[in-house]
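One structure below.
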Amino acid sequence: GWSDTRNGRPLKGPYPDGTKKILLGMGCFWGAERLFWNIPGVYVTAVGYAGGLTRNPTYQETTTGLTGHAEVVLVVYDPAKVPLATLLKTFFEEHDPTQGMRQGNDIGTTYRSAIYTYDDEQLAEAKAARTAFQSALKHSNHGGRITTEIGKAGPFYFAEDYHQQYLAKNPNGYCGLRGTG
């Protein structure tokens, strides 16, 4: 099976008791994944596709936009070590959640801003974070309405092996992620 290139942990699980999962879509999943694997308390990260219709889509299929999937990062974290609020703060600050179906030069439904949750508590917290961040954006005159899609996680499909931890293998790889600060 696939394992984390940095710590040998299995990308597809099993994950330790007490860990939780969340799916975060913020444009190009390579750079998004790197943001989260550096956070203490995150057990493992993997990239894949969620929020679409096609079963087991390929990267080529998702980029057409026809499958409806978003590029997402699966973040497996230990809530005793890192609160969801920390992950959500990183999520909202490190990309522009007001751009709709794009992120910088990456355009299309696959690059939409999205949070897919695994329980009601996460769902409520994600919605509250969106509201708080919208208010902060308004006060900083950044403008723009947050378009982040928030909902319960459906099927998650792991991306092809070469996408996993891409920027660990290719430190100079391109990623168009730009935050709002």
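Within each chain, counting starts at residue 1; across the structure tokens, chains are named A, B, ... in the order shown, with ligands numbered 1 upward in that order.
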Exercise. If you run DSSP over the backbone, which residues in segment 67-178 of chain A end up strand (DSSP E or B)? Put them as a list of chain:residue names.
Key: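 Residues of segment 67-178 of chain A classed as strand (DSSP E or B): A:Ala70, A:Glu71, A:Val72, A:Val73, A:Leu74, A:Val75, A:Val76, A:Tyr77, A:Arg102, A:Gln103, A:Asp106, A:Ile107, A:Ser113, A:Ala114, A:Ile115, A:Tyr116, A:Thr117, A:Glu149, A:Ile150, A:Gly151, A:Lys152, A:Phe156, A:Tyr157, A:Phe158.
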Practice problem: May I have the residues within 9 Å of segment 56-69 of chain A as a VMD selection string, using only C-alpha atoms and disregarding those fewer than 5 positions away in the same chain? | Solution: chain A and resid 48 to 51 108 to 111 156 to 160
Could those residues be written to a file, using N, CA and C atoms, as an mmCIF file, in the first residue's frame?
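To be explicit, this is the file written out as selection34.cif:
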```cif
data_model
loop_
_atom_site.group_PDB
_atom_site.id
_atom_site.type_symbol
_atom_site.label_atom_id
_atom_site.label_comp_id
_atom_site.auth_asym_id
_atom_site.auth_seq_id
_atom_site.Cartn_x
_atom_site.Cartn_y
_atom_site.Cartn_z
ATOM 1 N N GLY A 48 -6.966 13.671 -3.145
ATOM 2 C CA GLY A 48 -7.924 12.901 -3.917
ATOM 3 C C GLY A 48 -9.061 13.766 -4.414
ATOM 4 N N TYR A 49 -10.156 13.105 -4.724
ATOM 5 C CA TYR A 49 -11.296 13.755 -5.361
ATOM 6 C C TYR A 49 -12.547 13.470 -4.544
ATOM 7 N N ALA A 50 -13.389 14.514 -4.381
ATOM 8 C CA ALA A 50 -14.627 14.350 -3.624
ATOM 9 C C ALA A 50 -15.667 15.329 -4.150
ATOM 10 N N GLY A 51 -16.914 15.069 -3.807
ATOM 11 C CA GLY A 51 -17.984 16.000 -4.156
ATOM 12 C C GLY A 51 -18.500 15.840 -5.569
ATOM 13 N N GLY A 108 -11.836 26.049 -13.013
ATOM 14 C CA GLY A 108 -12.716 24.903 -13.220
ATOM 15 C C GLY A 108 -13.290 24.395 -11.909
ATOM 16 N N THR A 109 -14.322 23.579 -12.011
ATOM 17 C CA THR A 109 -15.013 23.080 -10.811
ATOM 18 C C THR A 109 -14.077 22.291 -9.899
ATOM 19 N N THR A 110 -13.048 21.664 -10.461
ATOM 20 C CA THR A 110 -12.141 20.863 -9.630
ATOM 21 C C THR A 110 -11.388 21.724 -8.634
ATOM 22 N N TYR A 111 -11.278 23.019 -8.900
ATOM 23 C CA TYR A 111 -10.494 23.902 -8.043
ATOM 24 C C TYR A 111 -11.352 24.694 -7.068
ATOM 25 N N PHE A 156 -14.783 9.481 -1.042
ATOM 26 C CA PHE A 156 -13.484 10.107 -1.301
ATOM 27 C C PHE A 156 -12.668 9.115 -2.115
ATOM 28 N N TYR A 157 -12.116 9.586 -3.222
ATOM 29 C CA TYR A 157 -11.298 8.732 -4.081
ATOM 30 C C TYR A 157 -9.859 9.220 -4.038
ATOM 31 N N PHE A 158 -8.939 8.334 -3.657
ATOM 32 C CA PHE A 158 -7.533 8.715 -3.623
ATOM 33 C C PHE A 158 -7.057 9.045 -5.028
ATOM 34 N N ALA A 159 -6.282 10.128 -5.135
ATOM 35 C CA ALA A 159 -5.676 10.479 -6.417
ATOM 36 C C ALA A 159 -4.560 9.482 -6.719
ATOM 37 N N GLU A 160 -4.107 9.509 -7.963
ATOM 38 C CA GLU A 160 -3.045 8.624 -8.421
ATOM 39 C C GLU A 160 -1.799 8.807 -7.559
#
```
Quiz prompt | Selection near Thr148 of chain A, 12 Å with only C-alpha atoms, sequence-local residues under 2 positions removed, as a VMD selection string | solution = chain A and resid 24 to 27 70 88 91 to 92 95 to 103 109 111 to 116 126 to 127 129 to 131 133 to 134 144 to 146 150 to 151
Quiz item: Using only C-alpha atoms, which of A:Ser135, A:Glu94, A:His163, A:Lys20 sits nearest Lys81 of chain A?
Solution: A:Lys20
List as a tab-separated table every residue of segment 66-123 of chain A that is in contact with segment 28-34 of chain A, defined as an atom at most 7 Å from one of its atoms (using only C-alpha atoms), together with the nearest atom pair and the distance in Å rounded to one decimal, sorted by chain and then rising number.
```
residue	atom	partner	partner_atom	distance
A:Glu71	CA	A:Phe29	CA	5.7
A:Val72	CA	A:Phe29	CA	5.9
A:Val73	CA	A:Glu33	CA	5.7
A:Tyr111	CA	A:Cys28	CA	6.3
```
Would you mind exporting the chosen residues as a compact mmCIF listing (two decimals), in the first residue's frame, restricted to C-alpha atoms?
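To be explicit, this is the file written out as selection06.txt:
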```txt
# COMPACT_ATOMS: atom_id res chain seq x y z
CA GLU A 71 -9.45 18.33 -5.73
CA VAL A 72 -9.31 17.83 -1.97
CA VAL A 73 -6.87 16.99 0.80
CA TYR A 111 -10.49 23.90 -8.04
```
Practice problem: Show which residues sit within 6 Å of segment 39-43 of chain A, as a list in words. Count only C-alpha atoms, and ignore same-chain residues fewer than 4 positions away. | Solution: Val76, Tyr77, Asp78, Lys81 and Val82 of chain A
Quiz prompt | In segment 49-148 of chain A, DSSP alpha helix (DSSP H) residues written as an NGL selection string | solution = :A and (59-63 or 84-93 or 120-139)
Quiz item: Leaving out Tyr118 of chain A and any residue of its chain fewer than 4 positions from it, which residues lie within 8 Å of it when counting only C-alpha atoms, given as a ChimeraX atom specification?
Solution: /A:21-22,122-123,152-153
Quiz item: In Å, with one decimal, what is the gap from atom CA of Val75 of chain A to atom CA of Ile107 of chain A?
Solution: 23.5 Å
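The closest residue to Asp119 of chain A, picked from A:Asp161, A:Leu23, A:Tyr166, A:Gly8 and counting only C-alpha atoms, is A:Leu23.
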Practice problem: Between atom CA of Leu87 of chain A and atom CA of Lys12 of chain A, measure the distance and give it in Å to one decimal. | Solution: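 Answer for the atom CA of Leu87 of chain A to atom CA of Lys12 of chain A separation: 20.2 Å.
For the pair atom CA of Leu74 of chain A and atom CA of Val47 of chain A, the interatomic distance is 5.9 Å.
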